[in-house]
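Have a look at work.cif; it's mmCIF, C-alpha atoms:
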data_run
loop_
_atom_site.group_PDB
_atom_site.id
_atom_site.type_symbol
_atom_site.label_atom_id
_atom_site.label_comp_id
_atom_site.auth_asym_id
_atom_site.auth_seq_id
_atom_site.Cartn_x
_atom_site.Cartn_y
_atom_site.Cartn_z
ATOM 1 C CA MET A 1 82.755 65.534 214.926
ATOM 2 C CA GLN A 2 82.065 65.013 218.622
ATOM 3 C CA HIS A 3 79.779 62.121 219.571
ATOM 4 C CA SER A 4 78.084 61.998 222.984
ATOM 5 C CA ILE A 5 77.209 58.768 224.773
ATOM 6 C CA ASN A 6 75.900 57.816 228.201
ATOM 7 C CA VAL A 7 77.795 55.986 230.912
ATOM 8 C CA GLU A 8 76.300 52.552 231.591
ATOM 9 C CA PRO A 9 76.340 50.354 234.668
ATOM 10 C CA LEU A 10 78.631 47.357 234.291
ATOM 11 C CA THR A 11 76.670 44.156 233.657
ATOM 12 C CA LYS A 12 77.835 40.850 232.198
ATOM 13 C CA GLU A 13 75.286 41.094 229.393
ATOM 14 C CA ALA A 14 76.140 44.659 228.353
ATOM 15 C CA PHE A 15 79.907 44.113 228.509
ATOM 16 C CA GLU A 16 79.923 40.690 226.795
ATOM 17 C CA PRO A 17 80.932 41.989 223.306
ATOM 18 C CA TYR A 18 83.989 43.644 224.898
ATOM 19 C CA GLY A 19 85.101 40.972 227.358
ATOM 20 C CA LYS A 20 84.144 39.533 230.726
ATOM 21 C CA VAL A 21 82.928 40.965 234.041
ATOM 22 C CA ILE A 22 84.224 39.735 237.364
ATOM 23 C CA ASP A 23 81.825 40.484 240.193
ATOM 24 C CA LEU A 24 80.646 38.884 243.403
ATOM 25 C CA PRO A 25 78.685 35.777 242.345
ATOM 26 C CA SER A 26 75.016 35.440 243.225
ATOM 27 C CA TYR A 27 75.485 31.837 244.389
ATOM 28 C CA ALA A 28 76.817 30.564 247.707
ATOM 29 C CA PRO A 29 80.611 30.362 247.988
ATOM 30 C CA PRO A 30 81.983 26.853 247.418
ATOM 31 C CA LYS A 31 84.637 27.366 250.125
ATOM 32 C CA ARG A 32 84.133 28.841 253.579
ATOM 33 C CA GLY A 33 86.155 29.146 256.718
ATOM 34 C CA ASP A 34 86.158 31.010 260.006
ATOM 35 C CA GLY A 35 85.666 34.600 258.870
ATOM 36 C CA TRP A 36 86.009 34.104 255.103
ATOM 37 C CA ASP A 37 84.074 33.058 252.000
ATOM 38 C CA CYS A 38 85.739 32.050 248.720
ATOM 39 C CA TRP A 39 84.519 31.751 245.152
ATOM 40 C CA ASN A 40 87.424 30.216 243.254
ATOM 41 C CA TYR A 41 87.847 30.367 239.503
ATOM 42 C CA ILE A 42 84.891 32.644 238.816
ATOM 43 C CA ASP A 43 86.649 33.480 235.545
ATOM 44 C CA MET A 44 89.949 32.896 233.784
ATOM 45 C CA LEU A 45 92.554 34.891 231.865
ATOM 46 C CA ASP A 46 93.818 33.031 228.795
ATOM 47 C CA VAL A 47 97.616 33.430 229.153
ATOM 48 C CA HIS A 48 100.750 31.762 227.861
ATOM 49 C CA GLU A 49 103.453 34.100 229.206
ATOM 50 C CA PRO A 50 104.184 35.723 232.582
ATOM 51 C CA ILE A 51 101.658 38.346 233.664
ATOM 52 C CA GLY A 52 102.763 41.939 234.195
ATOM 53 C CA PHE A 53 100.912 44.187 236.633
ATOM 54 C CA GLY A 54 100.574 47.949 236.382
ATOM 55 C CA LEU A 55 99.039 50.605 238.600
ATOM 56 C CA VAL A 56 97.326 53.721 237.240
ATOM 57 C CA ILE A 57 96.247 56.848 239.067
ATOM 58 C CA THR A 58 93.524 58.254 236.858
ATOM 59 C CA LYS A 59 92.913 61.956 237.401
ATOM 60 C CA LYS A 60 89.779 64.040 237.153
ATOM 61 C CA ARG A 61 89.552 65.433 233.613
ATOM 62 C CA GLU A 62 87.121 66.153 230.820
ATOM 63 C CA PHE A 63 85.120 63.077 229.805
ATOM 64 C CA LEU A 64 86.460 63.048 226.239
ATOM 65 C CA VAL A 65 88.161 60.274 224.248
ATOM 66 C CA ASP A 66 89.987 60.883 220.966
ATOM 67 C CA ALA A 67 92.224 57.780 220.778
ATOM 68 C CA MET A 68 92.290 54.178 221.960
ATOM 69 C CA GLU A 69 94.624 51.186 222.006
ATOM 70 C CA ARG A 70 94.052 47.467 221.555
ATOM 71 C CA HIS A 71 95.962 44.269 222.265
ATOM 72 C CA VAL A 72 95.231 41.706 219.571
ATOM 73 C CA SER A 73 97.370 38.998 221.178
ATOM 74 C CA ARG A 74 96.350 39.337 224.832
ATOM 75 C CA GLU A 75 93.481 39.865 227.234
ATOM 76 C CA GLU A 76 93.784 42.549 229.917
ATOM 77 C CA LEU A 77 92.436 42.469 233.473
ATOM 78 C CA LEU A 78 91.414 45.803 235.002
ATOM 79 C CA LEU A 79 90.468 46.175 238.689
ATOM 80 C CA THR A 80 89.577 49.394 240.486
ATOM 81 C CA PHE A 81 90.749 49.858 244.066
ATOM 82 C CA ASP A 82 89.102 52.729 245.871
ATOM 83 C CA GLN A 83 86.792 54.726 243.590
ATOM 84 C CA GLU A 84 84.396 54.132 240.736
ATOM 85 C CA ILE A 85 85.990 54.422 237.324
ATOM 86 C CA ILE A 86 84.570 54.692 233.825
ATOM 87 C CA GLN A 87 86.053 52.496 231.101
ATOM 88 C CA PRO A 88 85.485 53.455 227.448
ATOM 89 C CA VAL A 89 85.695 50.513 225.006
ATOM 90 C CA ALA A 90 85.020 49.967 221.288
ATOM 91 C CA LEU A 91 84.608 46.856 219.189
ATOM 92 C CA CYS A 92 87.339 45.440 216.995
ATOM 93 C CA ALA A 93 86.164 45.006 213.398
ATOM 94 C CA ASP A 94 89.121 42.955 212.114
ATOM 95 C CA ILE A 95 91.628 41.600 214.627
ATOM 96 C CA ASP A 96 94.027 40.825 211.733
ATOM 97 C CA ASP A 97 94.060 44.383 210.313
ATOM 98 C CA PRO A 98 97.139 46.252 211.596
ATOM 99 C CA ASP A 99 95.771 49.538 210.186
ATOM 100 C CA GLU A 100 92.352 49.411 211.867
ATOM 101 C CA HIS A 101 91.131 52.492 213.728
ATOM 102 C CA PRO A 102 88.620 52.392 216.606
ATOM 103 C CA ASP A 103 85.061 52.954 215.390
ATOM 104 C CA VAL A 104 83.272 55.699 217.334
ATOM 105 C CA SER A 105 79.883 54.128 216.566
ATOM 106 C CA THR A 106 80.790 51.111 218.743
ATOM 107 C CA VAL A 107 82.109 53.032 221.770
ATOM 108 C CA ARG A 108 80.432 52.334 225.095
ATOM 109 C CA CYS A 109 81.449 53.555 228.548
ATOM 110 C CA PHE A 110 81.002 51.341 231.595
ATOM 111 C CA ARG A 111 81.040 52.311 235.263
ATOM 112 C CA ILE A 112 83.166 49.915 237.309
ATOM 113 C CA LYS A 113 82.639 49.937 241.062
ATOM 114 C CA PRO A 114 85.278 49.035 243.655
ATOM 115 C CA GLY A 115 85.300 45.255 243.979
ATOM 116 C CA GLN A 116 84.368 44.755 240.323
ATOM 117 C CA ALA A 117 86.810 43.941 237.539
ATOM 118 C CA ILE A 118 86.742 43.415 233.804
ATOM 119 C CA ILE A 119 88.754 41.310 231.404
ATOM 120 C CA ILE A 120 89.075 43.266 228.171
ATOM 121 C CA GLY A 121 88.945 40.826 225.269
ATOM 122 C CA ARG A 122 91.620 40.451 222.607
ATOM 123 C CA GLY A 123 91.431 43.221 220.024
ATOM 124 C CA VAL A 124 88.933 45.338 221.976
ATOM 125 C CA TRP A 125 89.784 49.039 221.713
ATOM 126 C CA HIS A 126 90.029 50.913 225.037
ATOM 127 C CA SER A 127 91.311 54.157 226.461
ATOM 128 C CA PRO A 128 92.703 54.658 229.933
ATOM 129 C CA ALA A 129 89.886 54.593 232.492
ATOM 130 C CA TYR A 130 88.483 57.848 233.883
ATOM 131 C CA PRO A 131 87.544 58.539 237.500
ATOM 132 C CA ALA A 132 83.780 58.844 238.002
ATOM 133 C CA HIS A 133 84.310 61.330 240.850
ATOM 134 C CA ASP A 134 87.740 62.148 242.228
ATOM 135 C CA ASP A 135 91.145 60.771 241.328
ATOM 136 C CA ALA A 136 91.102 56.971 241.473
ATOM 137 C CA ARG A 137 93.511 54.041 241.398
ATOM 138 C CA TYR A 138 93.211 50.945 239.300
ATOM 139 C CA MET A 139 95.390 47.997 238.484
ATOM 140 C CA PHE A 140 95.811 46.204 235.209
ATOM 141 C CA ALA A 141 97.337 42.824 234.440
ATOM 142 C CA ILE A 142 98.420 41.674 230.995
ATOM 143 C CA GLU A 143 100.739 39.082 229.515
ATOM 144 C CA LYS A 144 104.245 40.477 229.267
ATOM 145 C CA LYS A 145 104.880 39.876 225.575
ATOM 146 C CA LYS A 146 104.942 41.856 222.358
ATOM 147 C CA ASP A 147 101.629 42.263 220.623
ATOM 148 C CA LYS A 148 101.136 40.922 217.108
ATOM 149 C CA PHE A 149 101.411 44.392 215.548
ATOM 150 C CA GLY A 150 104.261 45.821 217.605
ATOM 151 C CA ASP A 151 105.129 47.020 221.046
ATOM 152 C CA GLU A 152 102.620 49.071 223.019
ATOM 153 C CA MET A 153 105.457 50.815 224.813
ATOM 154 C CA ILE A 154 106.254 52.854 221.671
ATOM 155 C CA ASN A 155 102.919 54.532 220.854
ATOM 156 C CA PRO A 156 99.799 52.408 221.137
ATOM 157 C CA TRP A 157 97.246 55.207 220.712
ATOM 158 C CA VAL A 158 95.191 55.255 217.521
ATOM 159 C CA ASN A 159 92.883 58.197 216.829
ATOM 160 C CA PHE A 160 89.300 57.763 215.688
ATOM 161 C CA GLY A 161 88.872 58.408 211.975
ATOM 162 C CA ASN A 162 87.967 61.876 210.646
ATOM 163 C CA GLY A 163 89.170 63.593 213.826
ATOM 164 C CA ASP A 164 86.095 62.289 215.694
ATOM 165 C CA THR A 165 85.912 62.351 219.487
ATOM 166 C CA VAL A 166 83.560 60.800 222.033
ATOM 167 C CA SER A 167 82.282 62.668 225.063
ATOM 168 C CA PHE A 168 80.429 60.990 227.874
ATOM 169 C CA GLY A 169 79.063 61.818 231.284
ATOM 170 C CA ASP A 170 75.321 61.816 230.699
ATOM 171 C CA GLY A 171 73.851 59.273 233.051
ATOM 172 C CA LEU A 172 75.945 60.551 235.961
ATOM 173 C CA SER A 173 73.933 62.668 238.329
ATOM 174 C CA ILE A 174 75.272 65.986 239.586
ATOM 175 C CA SER A 175 76.045 64.345 242.925
ATOM 176 C CA GLU A 176 78.054 61.680 241.100
ATOM 177 C CA ALA A 177 80.295 63.863 238.979
ATOM 178 C CA ASP A 178 81.637 67.359 238.764
ATOM 179 C CA PRO A 179 78.881 69.274 236.876
ATOM 180 C CA SER A 180 81.486 71.020 234.734
ATOM 181 C CA LEU A 181 82.453 67.633 233.275
ATOM 182 C CA ILE A 182 78.926 66.569 232.258
ATOM 183 C CA ASN A 183 77.757 67.173 228.697
#
Starting from the file, give its structure as structure tokens.
Amino acid sequence: MQHSINVEPLTKEAFEPYGKVIDLPSYAPPKRGDGWDCWNYIDMLDVHEPIGFGLVITKKREFLVDAMERHVSREELLLTFDQEIIQPVALCADIDDPDEHPDVSTVRCFRIKPGQAIIIGRGVWHSPAYPAHDDARYMFAIEKKKDKFGDEMINPWVNFGNGDTVSFGDGLSISEADPSLIN
């Protein structure tokens, strides 16, 4: 069965069950200099191993998710560079269950603007991000270690149960997305 959901703006409150939002703080920067402002330690990654960085070019495609991955032993930072991206996420029901599947009823899709970032919490299901408009680039950072239930380099993708899929795109205006991609 195909489930349709709306794309939501990224807010700390809405994203809290899935992780943390990194955005420009509303308070004055604690450090300033000639031509720069600095907010240091606005959030933290909980790490114990070296961090690996990856770069993704996400290409314009149908707004449809049929599988997700999760990292039960690590958080993951995701930062968009040049375009808005949409990040689908789903809640983890049991972080200790190696046979868990993502639950389509908990999927939400968040719009991440350039300059914003998210830290996806341990166990949170997620797919690769989608471009909101045209092809986009984003970076991810994650501890370089094996996950509790295996190695994501083999095949991390787990389908939703019952052959379910999730489509999204409602909430994007025609000027914001290719009309052929909107439900």
Could you state which residues are captured by the PyMOL selection byres ((chain A and resi 41-52) around 10) in this file, as a list of chain:residue names?
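Selected by the PyMOL selection byres ((chain A and resi 41-52) around 10) here: A:Lys20, A:Val21, A:Ile22, A:Asp23, A:Leu24, A:Pro25, A:Cys38, A:Trp39, A:Asn40, A:Phe53, A:Gly54, A:Ser73, A:Arg74, A:Glu75, A:Glu76, A:Leu77, A:Ile119, A:Ile120, A:Gly121, A:Arg122, A:Phe140, A:Ala141, A:Ile142, A:Glu143, A:Lys144, A:Lys145.
Minimum atom-to-atom distance to Phe168 of chain A, evaluated using all atoms listed in the file, belongs to A:Ile86 out of A:Leu78, A:Ala14, A:Val72, A:Ile86.
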Go through A:Asp103, A:Asp96, A:Asp66, A:Asp82 one by one, measure the shortest atom-to-atom distance of each to Ser127 of chain A using all atoms listed in the file, and give the residue with the smallest value.
A:Asp66
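Residue neighbourhood of Leu91 of chain A, excluding near-sequence residues (fewer than 5 positions): Phe15, Glu16, Pro17, Tyr18, Gly19, Met68, Glu69, Arg70, Val72, Glu100, His101, Pro102, Asp103, Val104, Ser105, Thr106, Val107, Arg108, Cys109, Ile120, Gly121, Arg122, Gly123, Val124, Trp125 and His126 of chain A, at 12 Å, using all atoms listed in the file.
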To one decimal place in Å, what is the distance between atom CA of Thr165 of chain A and atom CA of Arg61 of chain A?
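The value is 14.9 Å.
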For the atom pair atom CA of Phe110 of chain A and atom CA of Val56 of chain A, what is the interatomic distance in Å to one decimal place?
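If I compute the distance from atom CA of Phe110 of chain A to atom CA of Val56 of chain A, I get 17.4 Å.
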Calculated over only C-alpha atoms, which of the candidates A:Val158, A:Val166, A:Ala28, A:Leu55 has the smallest distance to His71 of chain A?
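Residue with the minimum atom-to-atom distance to His71 of chain A: A:Val158.
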